[in-house]
Every structure is written in C-alpha cells, then in structure tokens.
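See below for upload-v3.cif, which holds mmCIF, C-alpha atoms.
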```cif
data_run
loop_
_atom_site.label_atom_id
_atom_site.label_comp_id
_atom_site.auth_asym_id
_atom_site.auth_seq_id
_atom_site.Cartn_x
_atom_site.Cartn_y
_atom_site.Cartn_z
CA MET N 7 0.00 0.00 0.00
CA ARG N 8 1.18 3.51 -0.77
CA PRO N 9 1.52 5.93 2.09
CA LYS N 10 -1.01 8.72 1.98
CA VAL N 11 0.60 12.03 1.21
CA PRO N 12 -1.40 15.23 1.75
CA ALA N 13 -2.33 17.02 -1.48
CA SER N 14 -0.29 20.06 -0.44
CA GLU N 15 2.89 17.92 -0.38
CA ARG N 16 2.33 16.08 -3.70
CA PRO N 17 4.32 17.36 -6.67
CA ASP N 18 2.29 18.92 -9.50
CA LEU N 19 3.23 16.91 -12.58
CA ARG N 20 1.17 18.95 -15.03
CA PRO N 21 3.21 20.90 -17.58
CA LYS N 22 3.78 24.57 -16.83
CA VAL N 23 3.35 27.09 -19.65
CA THR N 24 6.13 29.66 -19.59
CA ARG N 25 6.36 30.75 -23.24
CA PRO N 26 3.89 31.72 -25.99
CA ASP N 27 4.81 28.70 -28.14
CA GLU N 28 3.98 26.38 -25.22
CA ALA N 29 0.58 28.04 -24.87
CA GLU N 30 -0.07 27.54 -28.62
CA ALA N 31 1.00 23.89 -28.36
CA LEU N 32 -1.25 23.27 -25.36
CA VAL N 33 -4.32 24.73 -27.06
CA SER N 34 -3.46 22.80 -30.25
CA SER N 35 -3.21 19.56 -28.28
CA ALA N 36 -6.65 20.20 -26.77
CA LEU N 37 -8.05 20.79 -30.27
CA ALA N 38 -6.39 17.59 -31.50
CA ALA N 39 -7.89 15.62 -28.61
CA LEU N 40 -11.29 17.08 -29.44
CA ASP N 41 -10.79 16.09 -33.11
CA VAL N 42 -10.48 12.48 -31.97
CA LEU N 43 -13.26 12.54 -29.35
CA GLU N 44 -16.05 14.37 -31.23
CA PRO N 45 -16.51 11.80 -34.04
CA LEU N 46 -16.59 8.97 -31.50
CA ILE N 47 -19.35 10.67 -29.51
CA GLU N 48 -21.30 11.42 -32.69
CA LYS N 49 -20.99 7.80 -33.85
CA GLU N 50 -22.00 6.44 -30.44
CA THR N 51 -25.04 8.73 -30.35
CA GLU N 52 -26.10 7.65 -33.83
CA LEU N 53 -25.67 3.95 -33.04
CA PHE N 54 -27.74 4.24 -29.84
CA ARG N 55 -30.43 6.14 -31.76
CA LYS N 56 -30.60 3.32 -34.30
CA GLY N 57 -30.81 0.74 -31.51
CA ARG N 58 -27.43 -0.78 -32.36
CA VAL N 59 -26.39 -0.99 -28.71
CA ARG N 60 -23.72 -3.66 -29.12
CA GLU N 61 -21.89 -1.60 -31.76
CA ALA N 62 -22.20 1.53 -29.63
CA LEU N 63 -20.76 -0.25 -26.62
CA SER N 64 -17.82 -1.51 -28.70
CA LEU N 65 -16.64 2.11 -28.95
CA ALA N 66 -16.37 2.45 -25.17
CA MET N 67 -12.65 1.78 -24.70
CA THR N 68 -11.57 4.06 -27.55
CA LYS N 69 -14.01 6.75 -26.45
CA ASN N 70 -12.83 6.57 -22.83
CA GLU N 71 -9.18 6.96 -23.85
CA ALA N 72 -10.01 9.94 -26.06
CA ALA N 73 -12.10 11.49 -23.28
CA GLN N 74 -9.23 11.06 -20.81
CA ASP N 75 -6.83 12.77 -23.23
CA TYR N 76 -9.22 15.70 -23.68
CA THR N 77 -9.84 15.96 -19.94
CA ARG N 78 -6.09 15.97 -19.28
CA CYS N 79 -5.67 18.80 -21.78
CA LEU N 80 -8.46 20.80 -20.14
CA GLU N 81 -6.97 20.29 -16.68
CA THR N 82 -3.59 21.47 -17.93
CA LEU N 83 -5.24 24.50 -19.55
CA LYS N 84 -7.02 25.31 -16.28
CA SER N 85 -3.87 24.99 -14.22
CA ASN N 86 -2.13 27.36 -16.66
CA ALA N 87 -5.04 29.79 -17.06
CA ILE N 88 -3.00 32.84 -16.08
CA ALA N 89 -0.25 32.05 -18.62
CA ILE N 90 -2.83 31.25 -21.32
CA GLY N 91 -4.54 34.56 -20.62
CA ARG N 92 -1.23 36.40 -20.80
CA PHE N 93 -0.01 34.78 -24.03
CA GLN N 94 -3.42 34.66 -25.78
CA PRO N 95 -2.75 31.79 -28.25
CA SER N 96 -4.24 32.42 -31.69
CA ASN N 97 -6.37 29.25 -31.60
CA LEU N 98 -7.81 29.87 -28.11
CA GLU N 99 -11.08 31.38 -29.37
CA GLY N 100 -11.51 28.41 -31.73
CA LEU N 101 -11.09 26.04 -28.79
CA LYS N 102 -13.74 27.91 -26.80
CA VAL N 103 -16.22 27.66 -29.69
CA ARG N 104 -15.45 23.96 -30.25
CA HIS N 105 -15.75 23.23 -26.54
CA GLU N 106 -19.20 24.84 -26.39
CA ALA N 107 -20.33 22.83 -29.42
CA PHE N 108 -18.90 19.70 -27.82
CA ALA N 109 -20.84 20.40 -24.61
CA ARG N 110 -24.06 20.51 -26.66
CA LEU N 111 -23.10 17.26 -28.39
CA MET N 112 -22.43 15.61 -25.02
CA SER N 113 -25.80 16.78 -23.72
CA LEU N 114 -27.52 15.15 -26.70
CA ASN N 115 -25.42 12.00 -26.27
CA MET N 116 -26.31 11.70 -22.60
CA ALA N 117 -30.01 12.08 -23.39
CA VAL N 118 -29.85 9.37 -26.07
CA VAL N 119 -27.89 7.01 -23.82
CA ALA N 120 -30.33 7.59 -20.94
CA THR N 121 -33.26 6.85 -23.25
CA ALA N 122 -31.62 3.64 -24.48
CA ARG N 123 -31.00 2.59 -20.89
CA THR N 124 -34.60 3.29 -19.88
CA VAL N 125 -35.93 1.33 -22.86
CA SER N 126 -33.61 -1.60 -22.09
CA GLU N 127 -34.66 -1.65 -18.45
CA GLY N 128 -38.32 -1.55 -19.46
CA LEU N 129 -37.86 -4.45 -21.87
CA MET N 130 -36.12 -6.51 -19.21
CA ARG N 131 -38.86 -5.75 -16.68
CA ASP N 132 -41.58 -6.71 -19.18
CA LEU N 133 -39.71 -9.90 -20.06
CA ALA N 134 -39.29 -10.82 -16.40
CA ASP N 135 -42.98 -10.20 -15.72
CA THR N 136 -44.02 -12.27 -18.73
CA LEU N 137 -41.76 -15.17 -17.74
CA GLY N 138 -42.88 -14.86 -14.14
CA GLN N 139 -46.55 -15.19 -15.07
CA ASN N 140 -46.00 -18.66 -16.45
CA SER N 141 -44.06 -20.00 -13.50
CA SER N 142 -45.53 -18.21 -10.51
CA PRO N 143 -47.68 -20.15 -8.08
CA LYS N 144 -51.43 -20.04 -8.28
CA THR N 145 -53.24 -19.15 -5.10
CA TYR N 146 -56.88 -19.32 -4.18
CA LEU N 147 -58.92 -16.20 -3.51
CA ARG N 148 -61.95 -15.90 -1.26
CA GLY N 149 -64.83 -17.39 -3.03
CA GLY N 150 -62.75 -20.07 -4.75
CA GLY N 151 -61.18 -18.05 -7.58
CA MET N 152 -57.58 -18.48 -8.74
CA HIS N 153 -54.89 -15.79 -8.47
CA ARG N 154 -51.36 -15.81 -9.81
CA LYS N 155 -48.69 -13.63 -8.14
CA ALA N 156 -46.75 -11.75 -10.82
CA GLY N 157 -42.99 -11.69 -10.97
CA THR N 158 -42.13 -14.30 -8.35
CA ALA N 159 -39.85 -16.41 -10.54
CA PRO N 160 -36.20 -15.45 -11.03
CA LEU N 161 -35.00 -14.37 -14.46
CA ALA N 162 -31.83 -15.81 -15.97
CA LEU N 163 -30.29 -14.11 -18.97
CA SER N 164 -27.53 -15.45 -21.17
CA LYS N 165 -25.39 -12.85 -22.90
CA ALA N 166 -24.10 -15.42 -25.41
CA VAL N 167 -25.69 -15.13 -28.81
#
```
Before anything else, please render the file you have as structure tokens.
Amino acid sequence: MRPKVPASERPDLRPKVTRPDEAEALVSSALAALDVLEPLIEKETELFRKGRVREALSLAMTKNEAAQDYTRCLETLKSNAIAIGRFQPSNLEGLKVRHEAFARLMSLNMAVVATARTVSEGLMRDLADTLGQNSSPKTYLRGGGMHRKAGTAPLALSKAV
C-alpha cells in the first residue's frame, strides 16, 4: 500500500506554460484531442439512436481513452489559465467555440444514452414479468377463484448469442 501524502505535499506533474509557443502547443493539443473525441461521440449517439447498442458499446474503450486525453488537456489548460490569458494563443477562441459545441453534443449523447438505458430496463422488466406469469404459483382467492402472483420467478439471462 502507498503511504497517503497530503495534497499540499504532492508534486504537481502537469506541464507549466512559460512561453507563448507552449501556450499555442497546449491549445493545439486540446483541439487535436477534441478532433479524436467528437466523431466517437457522434458515432455512439447515432448507433444508440438506431438501436445498435452492441456496436455503440464496442466504442467504449476508444471513447474513454479519447475522453481522458481531452480531460487531461483541459486540466492542464485550467492549471495554466494565467499564462494562457497572458499569451493569448491564436487558436484559443476556436477552442472555446469547439468546446461549447462539444458540450451541446455531449448533452444530446447523454439524453440518447439515458433513453436507451430506460428502454432496455423496461424491456427486461416486461420480459421478467411475462416469464414470471408462467411459473408463478397459483393461489386461491376468497370465493374459490384463482390468483397468480406476478414476478415471483427469477429471471436468468444469457449474454451469449
């Protein structure tokens, strides 16, 4: 186990911007990371919309790596905000515009993914209820009628296709 070191004593390993060319390079790297991430998010959104969940999920590892790269770039930009403000890289305004557009794209993506999840959960619930109706015990009601308790049987699902 690693010893716990207070945050104030940990070294800051993020790059420090000290020259205008470093500021340009940092903003360019953020734009490059966004160039990789945006198409993946768009493709994932489209696949979920079309109901092609398995294909959408196959993008997860690549998308996560691209998202981590972009997040790292943003964190470095934030930690160097004063230097970025001082050097005013030429592509900074372009990054701001792209980041805002990306935020809208992510909002749409999250809505589509949430909808797909809700639909999937609803299908599984309906399937479990339907299977449970056939295997749940019958009980007698007052007056001699029969009653079946819904959803008392367990549901087993095989992911192999």
*Could you write out as a list of chain:residue names the residues that the PyMOL selection byres ((chain N and resi 58-74) around 9) matches in the shown file?*
N:Ala39, N:Leu40, N:Val42, N:Leu43, N:Leu46, N:Ile47, N:Lys49, N:Glu50, N:Thr51, N:Glu52, N:Leu53, N:Phe54, N:Arg55, N:Lys56, N:Gly57, N:Asp75, N:Tyr76, N:Thr77, N:Arg78, N:Cys79, N:Ala122
*For the structure provided, state which residues fall under the PyMOL selection byres ((chain N and resi 93) around 12), and present them as a ChimeraX atom specification.*
/N:23-33,86-92,94-98
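Using all atoms listed in the file, the nearest neighbour of Gly100 (chain N) within the list N:Pro21, N:Glu127, N:Leu83, N:Leu37 is N:Leu37.
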_Distance criterion (all atoms listed in the file): nearest to Ser35 (chain N) out of N:Ala120, N:Lys84, N:Leu101, N:Phe108_ =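 Of N:Ala120, N:Lys84, N:Leu101, N:Phe108, the one nearest Ser35 (chain N) is N:Leu101, counting all atoms listed in the file.
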_For CA of Leu133 (chain N) and CA of Thr121 (chain N), the interatomic separation in Å (one decimal)_ =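 That distance, rounded to one decimal, is 18.2 Å.
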Provide an axis-aligned box for all listed atoms of region 108-112 of chain N, padding each side by 5 Å; report its centre and its edge lengths in Å to one decimal, as JSON.
```
{"center_x": -21.5, "center_y": 18.1, "center_z": -26.5, "size_x": 15.2, "size_y": 14.9, "size_z": 13.8}
```
*Can you tell me how far CA of Ala107 (chain N) sits from CA of Glu44 (chain N), in Å to one decimal?*
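Atom-to-atom, CA of Ala107 (chain N) and CA of Glu44 (chain N) are spaced 9.7 Å apart.
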*With only C-alpha atoms as the basis for distance, which of N:Leu80, N:Val125, N:Val118, N:Met130 is at the shortest distance from His105 (chain N)?*
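Of the candidates, the smallest distance to His105 (chain N) is held by N:Leu80.
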*One decimal, Å: what's the distance from CA of Arg131 (chain N) over to CA of Asn115 (chain N), could you say?*
24.2 Å
